[in-house]
2 protein chains.
Amino acid sequence: MLYALGVNFFFMNTENLLVEYFSQYMSLTEEEIKLIKKEDIIREYKKDHILLEEGQIAKVCFLVLKGCVKRYYLEDGEERIMEFYTENDPIAPVSYVNQEPSKYYLSCVEPCIISTGNEESTQRFIQNFPQFVPMFIKIGDSLSVKKQMSFDDFKNLSPEDRYQKLVATRPDLIHRVPQYMIASYLGIKPESLSRIRKRLSTK
Amino acid sequence: MLYALGVNFFFMNTENLLVEYFSQYMSLTEEEIKLIKKEDIIREYKKDHILLEEGQIAKVCFLVLKGCVKRYYLEDGEERIMEFYTENDPIAPVSYVNQEPSKYYLSCVEPCIISTGNEESTQRFIQNFPQFVPMFIKIGDSLSVKKQMSFDDFKNLSPEDRYQKLVATRPDLIHRVPQYMIASYLGIKPESLSRIRKRLSTK
């Protein structure tokens with residue numbers, strides 16, 4: 001009994017995560033909240049679950065509601081991490097958009113709660129609720145702007161400055177993700193990151 | 001008379017550029033073509049015209065229909081070029097999306113024909129023509145994917161490989177844009193680019 005209650009309570013929570021996500025961008029009516037909850041698109045994944053692997057064609061896009069996902073290439077058995085996606089970050093794999101075999105992997109760094117979508121579900125959503133469209137455009141814009149700023153920073157900053165910027169803008173990542181993954185993400189060797197951290201701690 | 005004809009002919013062409021742009025993504029009815037042509041949103045700019053400068057809050061987004069626009073930071077009087085936008089590339093400045101003073105410049109490397117838009121015009125467009133929405137989402141997706149691939153390449157490739165990739169994927173840029181701008185865009189010194197080109201030409 002308690003267990004069943006727990007499950008219900010848990011699912012109520014996962015649905016609410018998606019409602020909370022949309023509520024950031026617009027206020028929702030009761031009917032809209034019901035619609036979101038009706039869509040059976042939320043899944044839980046264990047740590048290390050692979051959402052997409054090299055060579056596979058992605059069938060869906062993702063929205064991280066809880067947890068952390070890494071995007072990486074495997075080169076001679078070594079991970080080259082390009083991105084960490086955490087709460088409220090959408091992931092549209094190149095493989096999904098171009099319908100071609102993926103060149104990279106997506107896997108869960110932590111246990112995750114993730115919502116999935118595809119063209120069909122998006123179309124249906126838009127047809128039923130055209131009032132969501134400005135929100136979709138807003139989300140797309142802020143995502144694109146966020147990416148542009150990270151790219152600019154990567155080009156313009158030294159590895160040390162990149163690390164400091166990461167600590168300032170995504171402090172949670174530093175604690176959630178092992179140091180060797182942070183190093184890979186910053187495009188430096190783990191030894192270099194250790195040196196940088198040492199230097200900064202004695203400043 | 002000839003001049004007037006010329007002007008008419010020219011304007012017919014600029015409108016058609018926007019129709020052509022939309023036609024890449026969906027087939028347009030006569031009515032839709034008329035609507036696009038009616039919107040007075042296409043402007044011509046001379047070479048070196050500054051579309052956005054540091055400190056200014058962007059009032060519009062851009063779509064390059066013809067020409068080439070560079071996006072750059074000015075640091076101690078030196079340009080650090082982040083991006084070149086050419087035919088069919090949309091530009092959504094960070095400053096526009098976040099409504100904050102811009103940290104970078106946008107200026108025309110060539111004479112340009114550019115369409116502008118803002119939230120209001122987009123909303124009006126969507127309300128009148130909801131059938132355009134899937135296209136907007138598609139454009140957003142392919143843009144986001146293109147950016148992701150450039151960022152990955154910048155992280156993963158050596159300067160020489162970056163240059164070769166640029167030659168392979170955007171061969172027109174090499175001829176349209178002065179070498180020192182290409183070097184800045186690749187994140188290297190003009191001398192290094194000269195060395196790379198020399199090395200490649202003797203291979």
# chains A, B, ... in the order shown; residues from 1 in each chain; ligands from 1

$ select_by_dssp --residues "range 16-154 of chain A" --states "strand (DSSP E)" --output "PyMOL selection string"
chain A and resi 42-45+50-52+61-66+69-75+78-85+90-91+105-108+112-117

$ residues_around --residues "Ile188 in chain A" --least-positions-apart "6" --cutoff "12 Å" --atoms "only C-alpha atoms" --output "list in words"
Arg80, Ile81, Met82, Phe154, Ser158, Pro159, Glu160, Arg162, Tyr163, Gln179, Tyr180, Met181, Ile182, Ser194, Arg195 and Ile196 of chain A; Lys155 and Asn156 of chain B

$ atom_distance --atom1 "CA of Gln99 in chain A" --atom2 "CA of Ser184 in chain A"
27.4 Å

$ atom_distance --atom1 "CA of Pro111 in chain B" --atom2 "CA of Glu44 in chain B"
7.4 Å

$ select_by_dssp --residues "chain B" --states "alpha helix (DSSP H)" --output "PyMOL selection string"
chain B and resi 2-23+30-38+94-98+119-128+133-156+159-169+171-176+179-186+190-201

$ closest_residue --among "A:Tyr185, A:Phe136, A:Phe84, A:Phe151" --to "Gly67 in chain A" --atoms "only C-alpha atoms"
A:Phe84

$ residues_around --residues "Met135 in chain A" --least-positions-apart "6" --cutoff "9 Å" --atoms "only C-alpha atoms" --output "JSON, numbers by chain"
{"A": [22, 25, 26]}

$ interface_residues --of "chain A" --to "chain B" --cutoff "10 Å" --atoms "only C-alpha atoms" --output "PyMOL selection string"
chain A and resi 72-73+80-83+92-98+119+122-123+126-127+130-131+133-134+136-138+140-152+154-156+185-187

$ residues_around --residues "Lys46 in chain A" --least-positions-apart "2" --cutoff "10 Å" --atoms "only C-alpha atoms" --output "list in words"
Glu44, Asp48, His49, Ile50, Gly67, Ser107, Cys108, Val109, Glu110, Pro111, Cys112 and Ile113 of chain A
